[in-house]
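Notes to accompany the following structure.
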Amino acid sequence: MHITSILLLLLTTIVVSHGSIFLRSKAEAFSAFKFFHAYVQTQFSSKIKTLHSDNKGEYTSHLFQEFLQENGILSQRSCPSTPQQNGVAERKNRHLLDVVRTIMLNSFVPSHFWCKALSTVVHLINRLPSQVLNNDSPFLRLFGKPPNYSTLRTFGCVCYVHLQPPERTKLTAQSVKCAFLGYSAH
């Protein structure tokens, strides 16, 4: 499979195949992209051909552009202050935020867990059939096998975490009650 382009989604997040890289500031976009570039090459033996982005400074720095040129990655940018030219990315942003808002409101989880909610949404969307992919899931297209739906849980639901022997005794609880806040990246 060849990855022909990537969209940097949400100004502070790069959404990847099975998780998200959360950035503290836009200035971290370059280092996150370098990580993602290496990840794509090593994990999928594939190359990024094109980077579509808005014309914001985090994508247009000299170092970022030099890195793209050295790696043969085309840089395609929209005109400044024209989000309508980034239609796909803007629609994906809206879709992600709509679903995050929905699961946050439904679960009654405090708003400071929005990163966990977004990671969960990305996990779910990547496992759902997509009309764009002829009803295949992104997961199936990327890994060549269908996703395992048996591990899906409701965001914010009650779950119990088994305590390891050093954390418990024969007479204490064997698990602790928690709230489910997402999936492991691995």
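Chains: A, B, ... in order of the structure tokens. Residues: from 1 per chain. Ligands: from 1, in order shown.
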As a PyMOL selection string, list the residues of chain A assigned to strand (DSSP E or B) by DSSP on the backbone atoms of this structure.
chain A and resi 5-7+13-15+20-22+50-53+74-77+130+136+158-162+175-179
Could you give me, as a compact mmCIF listing (two decimals) with C-alpha atoms, in the first residue's frame, each residue of range 89-136 of chain A that DSSP assigns to alpha helix (DSSP H) when run on this structure's backbone?
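Wrote it out as states-v6.txt, contents follow:
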```txt
# COMPACT_ATOMS: atom_id res chain seq x y z
CA ALA A 89 -9.33 18.31 6.34
CA GLU A 90 -11.96 20.79 7.54
CA ARG A 91 -14.74 18.20 7.19
CA LYS A 92 -12.62 15.61 9.03
CA ASN A 93 -11.93 18.14 11.81
CA ARG A 94 -15.64 18.84 12.13
CA HIS A 95 -16.52 15.14 12.10
CA LEU A 96 -13.90 14.34 14.76
CA LEU A 97 -14.97 17.21 17.01
CA ASP A 98 -18.67 16.35 16.61
CA VAL A 99 -18.04 12.76 17.68
CA VAL A 100 -15.72 13.82 20.53
CA ARG A 101 -18.37 16.24 21.80
CA THR A 102 -21.01 13.51 21.59
CA ILE A 103 -19.07 10.89 23.53
CA MET A 104 -17.95 13.46 26.11
CA LEU A 105 -21.53 14.59 26.73
CA ASN A 106 -22.86 11.03 26.76
CA SER A 107 -20.22 9.73 29.16
CA TRP A 114 -10.79 15.45 25.63
CA CYS A 115 -7.47 14.01 24.36
CA LYS A 116 -8.53 10.54 25.51
CA ALA A 117 -11.89 11.04 23.82
CA LEU A 118 -10.24 12.11 20.57
CA SER A 119 -7.90 9.11 20.61
CA THR A 120 -10.91 6.85 21.15
CA VAL A 121 -12.80 8.47 18.29
CA VAL A 122 -9.82 8.01 15.95
CA HIS A 123 -9.57 4.37 17.05
CA LEU A 124 -13.26 3.80 16.29
CA ILE A 125 -13.38 5.69 12.97
```
Determine, counting only C-alpha atoms, which protein, DNA and RNA residues have an atom within 9 Å of an atom of range 155-164 of chain A; residues of the same chain fewer than 2 positions away are not included. Present the result as a PyMOL selection string.
chain A and resi 103-104+106-109+117+120+153+166-168+173-182
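Note that the spacing between CA of Glu70 in chain A and CA of Lys26 in chain A amounts to 22.2 Å.
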How close does range 92-144 of chain A get to range 38-49 of chain A? List, as CSV, each residue of range 92-144 of chain A within 12 Å, its nearest atom pair and the distance in Å to one decimal, counting only C-alpha atoms.
```
residue,atom,partner,partner_atom,distance
A:Arg141,CA,A:Phe44,CA,11.6
A:Leu142,CA,A:Phe44,CA,8.2
A:Phe143,CA,A:Phe44,CA,8.7
A:Gly144,CA,A:Phe44,CA,11.3
```
Could you write out the selected residues, including all heavy atoms, as a PDB file, in the first residue's frame?
```pdb
ATOM      1  N   ARG A 141      -7.622  -1.810   5.225  1.00  0.00           N
ATOM      2  CA  ARG A 141      -6.774  -1.395   4.110  1.00  0.00           C
ATOM      3  C   ARG A 141      -5.311  -1.273   4.519  1.00  0.00           C
ATOM      4  O   ARG A 141      -4.421  -1.590   3.750  1.00  0.00           O
ATOM      5  CB  ARG A 141      -7.253  -0.051   3.548  1.00  0.00           C
ATOM      6  CG  ARG A 141      -8.538  -0.123   2.784  1.00  0.00           C
ATOM      7  CD  ARG A 141      -8.294  -0.739   1.395  1.00  0.00           C
ATOM      8  NE  ARG A 141      -9.500  -0.832   0.627  1.00  0.00           N
ATOM      9  CZ  ARG A 141      -9.869   0.039  -0.301  1.00  0.00           C
ATOM     10  NH1 ARG A 141      -9.113   1.092  -0.549  1.00  0.00           N
ATOM     11  NH2 ARG A 141     -10.983  -0.138  -0.958  1.00  0.00           N
ATOM     12  N   LEU A 142      -5.080  -0.823   5.746  1.00  0.00           N
ATOM     13  CA  LEU A 142      -3.708  -0.604   6.191  1.00  0.00           C
ATOM     14  C   LEU A 142      -3.019  -1.888   6.616  1.00  0.00           C
ATOM     15  O   LEU A 142      -1.864  -2.130   6.291  1.00  0.00           O
ATOM     16  CB  LEU A 142      -3.697   0.405   7.342  1.00  0.00           C
ATOM     17  CG  LEU A 142      -2.363   0.980   7.757  1.00  0.00           C
ATOM     18  CD1 LEU A 142      -1.669   1.680   6.593  1.00  0.00           C
ATOM     19  CD2 LEU A 142      -2.551   1.959   8.900  1.00  0.00           C
ATOM     20  N   PHE A 143      -3.739  -2.753   7.345  1.00  0.00           N
ATOM     21  CA  PHE A 143      -3.114  -3.945   7.911  1.00  0.00           C
ATOM     22  C   PHE A 143      -3.461  -5.237   7.172  1.00  0.00           C
ATOM     23  O   PHE A 143      -2.907  -6.291   7.468  1.00  0.00           O
ATOM     24  CB  PHE A 143      -3.477  -4.088   9.390  1.00  0.00           C
ATOM     25  CG  PHE A 143      -2.950  -2.965  10.232  1.00  0.00           C
ATOM     26  CD1 PHE A 143      -3.798  -1.983  10.704  1.00  0.00           C
ATOM     27  CD2 PHE A 143      -1.598  -2.871  10.544  1.00  0.00           C
ATOM     28  CE1 PHE A 143      -3.320  -0.931  11.475  1.00  0.00           C
ATOM     29  CE2 PHE A 143      -1.109  -1.829  11.305  1.00  0.00           C
ATOM     30  CZ  PHE A 143      -1.967  -0.860  11.772  1.00  0.00           C
ATOM     31  N   GLY A 144      -4.427  -5.181   6.235  1.00  0.00           N
ATOM     32  CA  GLY A 144      -4.769  -6.359   5.451  1.00  0.00           C
ATOM     33  C   GLY A 144      -5.578  -7.399   6.188  1.00  0.00           C
ATOM     34  O   GLY A 144      -5.725  -8.526   5.720  1.00  0.00           O
TER      35      GLY A 144
END
```
Could you state the separation of CA of Gly87 in chain A and CA of Ser75 in chain A in Å, given to one decimal place?
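CA of Ser75 in chain A lies at a distance of 17.0 Å from CA of Gly87 in chain A.
Atom pair CA of Thr82 in chain A / CA of Gly57 in chain A has a distance of 14.7 Å (rounded to one decimal).
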